[in-house]
file target-v3.pdb (PDB, C-alpha atoms)
ATOM      1  CA  MET A   1       0.000   0.000   0.000  1.00  0.00           C
ATOM      2  CA  ARG A   2       2.770   2.443   0.916  1.00  0.00           C
ATOM      3  CA  ARG A   3       4.689   1.881  -2.345  1.00  0.00           C
ATOM      4  CA  TRP A   4       1.463   2.307  -4.289  1.00  0.00           C
ATOM      5  CA  LEU A   5       0.753   5.619  -2.542  1.00  0.00           C
ATOM      6  CA  VAL A   6       4.276   6.887  -3.216  1.00  0.00           C
ATOM      7  CA  ARG A   7       4.029   5.927  -6.890  1.00  0.00           C
ATOM      8  CA  ARG A   8       0.625   7.625  -7.189  1.00  0.00           C
ATOM      9  CA  MET A   9       2.039  10.809  -5.639  1.00  0.00           C
ATOM     10  CA  ILE A  10       4.934  10.766  -8.108  1.00  0.00           C
ATOM     11  CA  ALA A  11       2.530  10.291 -11.020  1.00  0.00           C
ATOM     12  CA  LEU A  12       0.406  13.180  -9.732  1.00  0.00           C
ATOM     13  CA  ASP A  13       3.487  15.421  -9.473  1.00  0.00           C
ATOM     14  CA  MET A  14       4.506  14.565 -13.026  1.00  0.00           C
ATOM     15  CA  VAL A  15       1.055  15.395 -14.449  1.00  0.00           C
ATOM     16  CA  MET A  16       0.301  18.525 -12.431  1.00  0.00           C
ATOM     17  CA  ARG A  17       3.876  19.884 -12.272  1.00  0.00           C
ATOM     18  CA  PHE A  18       3.548  20.826  -8.615  1.00  0.00           C
ATOM     19  CA  ARG A  19       3.078  19.235  -5.211  1.00  0.00           C
ATOM     20  CA  ALA A  20      -0.694  18.911  -4.744  1.00  0.00           C
ATOM     21  CA  LEU A  21      -0.398  16.836  -1.582  1.00  0.00           C
ATOM     22  CA  ARG A  22       2.080  16.895   1.233  1.00  0.00           C
ATOM     23  CA  CYS A  23       3.918  13.615   1.458  1.00  0.00           C
ATOM     24  CA  PRO A  24       3.511  12.032   4.910  1.00  0.00           C
ATOM     25  CA  PHE A  25       6.759  12.234   6.857  1.00  0.00           C
ATOM     26  CA  ASN A  26       7.224   8.467   7.075  1.00  0.00           C
ATOM     27  CA  LEU A  27       6.970   8.171   3.253  1.00  0.00           C
ATOM     28  CA  ARG A  28       9.282  11.048   2.321  1.00  0.00           C
ATOM     29  CA  PHE A  29      12.398   8.923   2.021  1.00  0.00           C
ATOM     30  CA  LEU A  30      10.640   6.482  -0.319  1.00  0.00           C
ATOM     31  CA  TYR A  31       9.150   9.361  -2.286  1.00  0.00           C
ATOM     32  CA  ILE A  32      12.460  11.164  -2.759  1.00  0.00           C
ATOM     33  CA  ARG A  33      14.285   7.936  -3.628  1.00  0.00           C
ATOM     34  CA  ASP A  34      11.687   7.020  -6.256  1.00  0.00           C
ATOM     35  CA  VAL A  35      11.617  10.513  -7.758  1.00  0.00           C
ATOM     36  CA  CYS A  36      15.421  10.541  -8.010  1.00  0.00           C
ATOM     37  CA  SER A  37      15.456   7.063  -9.548  1.00  0.00           C
ATOM     38  CA  ALA A  38      12.852   8.087 -12.132  1.00  0.00           C
ATOM     39  CA  ALA A  39      14.863  11.205 -13.012  1.00  0.00           C
ATOM     40  CA  ARG A  40      18.065   9.173 -13.317  1.00  0.00           C
ATOM     41  CA  ARG A  41      16.381   6.699 -15.698  1.00  0.00           C
ATOM     42  CA  ARG A  42      15.132   9.515 -17.962  1.00  0.00           C
ATOM     43  CA  TYR A  43      18.333  11.582 -17.988  1.00  0.00           C
ATOM     44  CA  LYS A  44      20.605  11.183 -21.000  1.00  0.00           C
ATOM     45  CA  LEU A  45      24.196  11.942 -20.052  1.00  0.00           C
ATOM     46  CA  MET A  46      25.977  13.820 -22.837  1.00  0.00           C
ATOM     47  CA  PRO A  47      29.715  14.547 -23.099  1.00  0.00           C
ATOM     48  CA  PHE A  48      30.799  18.175 -22.794  1.00  0.00           C
ATOM     49  CA  SER A  49      33.954  20.131 -23.573  1.00  0.00           C
ATOM     50  CA  GLY A  50      34.827  21.032 -19.977  1.00  0.00           C
ATOM     51  CA  ARG A  51      36.783  19.268 -17.285  1.00  0.00           C
ATOM     52  CA  ILE A  52      35.583  17.122 -14.381  1.00  0.00           C
ATOM     53  CA  ASP A  53      37.094  17.128 -10.902  1.00  0.00           C
ATOM     54  CA  LEU A  54      35.987  13.777  -9.517  1.00  0.00           C
ATOM     55  CA  PHE A  55      36.026  13.362  -5.742  1.00  0.00           C
ATOM     56  CA  ARG A  56      36.221   9.706  -4.871  1.00  0.00           C
ATOM     57  CA  ALA A  57      36.542   7.784  -1.623  1.00  0.00           C
ATOM     58  CA  GLU A  58      39.650   5.651  -1.183  1.00  0.00           C
ATOM     59  CA  HIS A  59      37.577   2.617  -0.181  1.00  0.00           C
ATOM     60  CA  GLN A  60      34.950   1.707  -2.763  1.00  0.00           C
ATOM     61  CA  PRO A  61      32.123  -0.840  -2.402  1.00  0.00           C
ATOM     62  CA  PRO A  62      33.042  -4.458  -3.170  1.00  0.00           C
ATOM     63  CA  THR A  63      33.398  -5.299  -6.858  1.00  0.00           C
ATOM     64  CA  ASP A  64      30.689  -7.947  -6.551  1.00  0.00           C
ATOM     65  CA  LEU A  65      28.241  -5.059  -6.010  1.00  0.00           C
ATOM     66  CA  PHE A  66      29.662  -2.539  -8.475  1.00  0.00           C
ATOM     67  CA  GLU A  67      31.910  -2.688 -11.505  1.00  0.00           C
ATOM     68  CA  GLU A  68      35.416  -1.570 -10.617  1.00  0.00           C
ATOM     69  CA  ASP A  69      35.980   1.713 -12.439  1.00  0.00           C
ATOM     70  CA  PRO A  70      38.496   4.328 -11.275  1.00  0.00           C
ATOM     71  CA  LEU A  71      36.450   7.049 -13.006  1.00  0.00           C
ATOM     72  CA  LEU A  72      33.134   5.811 -11.568  1.00  0.00           C
ATOM     73  CA  GLY A  73      31.392   5.823 -14.950  1.00  0.00           C
ATOM     74  CA  TRP A  74      32.496   9.315 -16.033  1.00  0.00           C
ATOM     75  CA  SER A  75      34.984   8.091 -18.657  1.00  0.00           C
ATOM     76  CA  GLY A  76      34.586   9.866 -21.992  1.00  0.00           C
ATOM     77  CA  MET A  77      32.230  12.524 -20.597  1.00  0.00           C
ATOM     78  CA  ALA A  78      34.636  15.471 -20.372  1.00  0.00           C
ATOM     79  CA  GLY A  79      36.642  16.719 -23.343  1.00  0.00           C
ATOM     80  CA  GLY A  80      38.886  18.638 -20.945  1.00  0.00           C
ATOM     81  CA  GLY A  81      39.753  15.476 -19.033  1.00  0.00           C
ATOM     82  CA  ILE A  82      38.976  14.093 -15.602  1.00  0.00           C
ATOM     83  CA  GLU A  83      41.104  14.703 -12.541  1.00  0.00           C
ATOM     84  CA  VAL A  84      40.497  12.283  -9.682  1.00  0.00           C
ATOM     85  CA  HIS A  85      40.800  13.605  -6.124  1.00  0.00           C
ATOM     86  CA  GLN A  86      40.840  10.772  -3.638  1.00  0.00           C
ATOM     87  CA  PHE A  87      39.914  11.236  -0.006  1.00  0.00           C
ATOM     88  CA  PRO A  88      40.610   8.771   2.817  1.00  0.00           C
ATOM     89  CA  GLY A  89      37.991   6.365   4.066  1.00  0.00           C
ATOM     90  CA  ASP A  90      34.676   5.523   2.456  1.00  0.00           C
ATOM     91  CA  HIS A  91      31.685   7.508   1.229  1.00  0.00           C
ATOM     92  CA  HIS A  92      29.931   7.582   4.602  1.00  0.00           C
ATOM     93  CA  MET A  93      32.988   8.842   6.474  1.00  0.00           C
ATOM     94  CA  LEU A  94      32.748  12.095   4.502  1.00  0.00           C
ATOM     95  CA  LEU A  95      29.552  12.892   6.375  1.00  0.00           C
ATOM     96  CA  LYS A  96      30.659  11.575   9.773  1.00  0.00           C
ATOM     97  CA  GLU A  97      34.324  12.492  10.180  1.00  0.00           C
ATOM     98  CA  PRO A  98      35.217  16.207  10.490  1.00  0.00           C
ATOM     99  CA  VAL A  99      38.859  15.535   9.566  1.00  0.00           C
ATOM    100  CA  ILE A 100      37.871  13.920   6.261  1.00  0.00           C
ATOM    101  CA  THR A 101      35.356  16.685   5.597  1.00  0.00           C
ATOM    102  CA  ALA A 102      38.178  19.204   6.072  1.00  0.00           C
ATOM    103  CA  VAL A 103      40.425  17.286   3.630  1.00  0.00           C
ATOM    104  CA  VAL A 104      37.709  17.235   0.963  1.00  0.00           C
ATOM    105  CA  ALA A 105      36.878  20.899   1.607  1.00  0.00           C
ATOM    106  CA  ALA A 106      40.532  21.847   1.058  1.00  0.00           C
ATOM    107  CA  GLN A 107      40.656  19.807  -2.170  1.00  0.00           C
ATOM    108  CA  LEU A 108      37.418  21.380  -3.395  1.00  0.00           C
ATOM    109  CA  ARG A 109      38.610  24.901  -2.495  1.00  0.00           C
ATOM    110  CA  SER A 110      41.798  24.305  -4.485  1.00  0.00           C
ATOM    111  CA  CYS A 111      39.794  23.080  -7.512  1.00  0.00           C
ATOM    112  CA  LEU A 112      37.507  26.109  -7.365  1.00  0.00           C
ATOM    113  CA  GLU A 113      40.453  28.503  -7.098  1.00  0.00           C
ATOM    114  CA  GLN A 114      42.119  26.874 -10.133  1.00  0.00           C
ATOM    115  CA  ALA A 115      38.875  27.067 -12.130  1.00  0.00           C
ATOM    116  CA  ASN A 116      38.393  30.744 -11.215  1.00  0.00           C
ATOM    117  CA  LYS A 117      41.990  31.529 -12.125  1.00  0.00           C
ATOM    118  CA  LYS A 118      41.646  29.765 -15.480  1.00  0.00           C
ATOM    119  CA  ALA A 119      38.305  31.485 -16.187  1.00  0.00           C
ATOM    120  CA  SER A 120      39.787  34.926 -15.442  1.00  0.00           C
ATOM    121  CA  GLN A 121      42.769  34.191 -17.724  1.00  0.00           C
ATOM    122  CA  ASN A 122      40.435  33.126 -20.549  1.00  0.00           C
ATOM    123  CA  ALA A 123      38.081  36.081 -20.141  1.00  0.00           C
ATOM    124  CA  THR A 124      38.147  38.423 -23.082  1.00  0.00           C
ATOM    125  CA  PRO A 125      38.946  42.025 -22.184  1.00  0.00           C
ATOM    126  CA  ARG A 126      36.226  44.559 -22.955  1.00  0.00           C
ATOM    127  CA  ASN A 127      37.084  47.448 -25.237  1.00  0.00           C
TER     128      ASN A 127
END

call {"tool": "encode", "arguments": {"input": "target-v3.pdb", "output": "structure tokens"}}
result
Amino acid sequence: MRRWLVRRMIALDMVMRFRALRCPFNLRFLYIRDVCSAARRRYKLMPFSGRIDLFRAEHQPPTDLFEEDPLLGWSGMAGGGIEVHQFPGDHHMLLKEPVITAVVAAQLRSCLEQANKKASQNATPRN
């Protein structure tokens, strides 16, 4: 019954283009998961000319669950290349360990600074 209700709410959202009903709190996780899954199935990933900075945990799920891929499925998607930034631990430690969060934040800050520097160098001067 719960799955049926969640699926009906998703169908209603898709037809009416807005939230007509508030999702009960205990069904929100299912609702969000199903909406995200539906969006992921419909999305067509297209390569682009830019660069990807891929942040990846050192410890990945076992290969019997997922295909072992150092680029996590992003291969061939960025004409400007893919730079992998590895952080210690696993995916969940990023949310739980302040030290790891700080490491990733420093890596991300560095990537953003490099991108801003490159963008300002490539900007055309106005006459």

call {"tool": "resolve_selection", "arguments": {"input": "target-v3.pdb", "expression": "the PyMOL selection byres ((chain A and resi 59) around 7)", "output": "JSON, numbers by chain"}}
result
{"A": [57, 58, 60, 61, 89, 90]}

call {"tool": "atom_distance", "arguments": {"input": "target-v3.pdb", "atom1": "atom CA of Gly76 of chain A", "atom2": "atom CA of Arg40 of chain A"}}
result
18.7 Å

call {"tool": "resolve_selection", "arguments": {"input": "target-v3.pdb", "expression": "the PyMOL selection byres ((chain A and resi 50-52) around 12)", "output": "PDB file with C-alpha atoms, in the coordinates of the input"}}
result
ATOM      1  CA  MET A  46      25.977  13.820 -22.837  1.00  0.00           C
ATOM      2  CA  PRO A  47      29.715  14.547 -23.099  1.00  0.00           C
ATOM      3  CA  PHE A  48      30.799  18.175 -22.794  1.00  0.00           C
ATOM      4  CA  SER A  49      33.954  20.131 -23.573  1.00  0.00           C
ATOM      5  CA  ASP A  53      37.094  17.128 -10.902  1.00  0.00           C
ATOM      6  CA  LEU A  54      35.987  13.777  -9.517  1.00  0.00           C
ATOM      7  CA  PHE A  55      36.026  13.362  -5.742  1.00  0.00           C
ATOM      8  CA  LEU A  71      36.450   7.049 -13.006  1.00  0.00           C
ATOM      9  CA  LEU A  72      33.134   5.811 -11.568  1.00  0.00           C
ATOM     10  CA  TRP A  74      32.496   9.315 -16.033  1.00  0.00           C
ATOM     11  CA  SER A  75      34.984   8.091 -18.657  1.00  0.00           C
ATOM     12  CA  GLY A  76      34.586   9.866 -21.992  1.00  0.00           C
ATOM     13  CA  MET A  77      32.230  12.524 -20.597  1.00  0.00           C
ATOM     14  CA  ALA A  78      34.636  15.471 -20.372  1.00  0.00           C
ATOM     15  CA  GLY A  79      36.642  16.719 -23.343  1.00  0.00           C
ATOM     16  CA  GLY A  80      38.886  18.638 -20.945  1.00  0.00           C
ATOM     17  CA  GLY A  81      39.753  15.476 -19.033  1.00  0.00           C
ATOM     18  CA  ILE A  82      38.976  14.093 -15.602  1.00  0.00           C
ATOM     19  CA  GLU A  83      41.104  14.703 -12.541  1.00  0.00           C
ATOM     20  CA  VAL A  84      40.497  12.283  -9.682  1.00  0.00           C
ATOM     21  CA  HIS A  85      40.800  13.605  -6.124  1.00  0.00           C
ATOM     22  CA  LEU A 108      37.418  21.380  -3.395  1.00  0.00           C
ATOM     23  CA  CYS A 111      39.794  23.080  -7.512  1.00  0.00           C
ATOM     24  CA  LEU A 112      37.507  26.109  -7.365  1.00  0.00           C
ATOM     25  CA  GLN A 114      42.119  26.874 -10.133  1.00  0.00           C
ATOM     26  CA  ALA A 115      38.875  27.067 -12.130  1.00  0.00           C
ATOM     27  CA  LYS A 118      41.646  29.765 -15.480  1.00  0.00           C
ATOM     28  CA  ALA A 119      38.305  31.485 -16.187  1.00  0.00           C
TER      29      ALA A 119
END

call {"tool": "axis_aligned_box", "arguments": {"input": "target-v3.pdb", "around": "segment 71-83 of chain A", "padding_each_side": "4 Å", "output": "JSON"}}
result
{"center_x": 36.2, "center_y": 12.2, "center_z": -17.5, "size_x": 17.7, "size_y": 20.8, "size_z": 19.8}

call {"tool": "closest_residue", "arguments": {"input": "target-v3.pdb", "among": "A:Phe29, A:Ala11, A:Arg56, A:Arg109", "to": "His91 of chain A", "atoms": "all atoms listed in the file"}}
result
A:Arg56

call {"tool": "atom_distance", "arguments": {"input": "target-v3.pdb", "atom1": "atom CA of Arg33 of chain A", "atom2": "atom CA of Arg8 of chain A"}}
result
14.1 Å

call {"tool": "atom_distance", "arguments": {"input": "target-v3.pdb", "atom1": "atom CA of Ala106 of chain A", "atom2": "atom CA of Leu94 of chain A"}}
result
12.9 Å
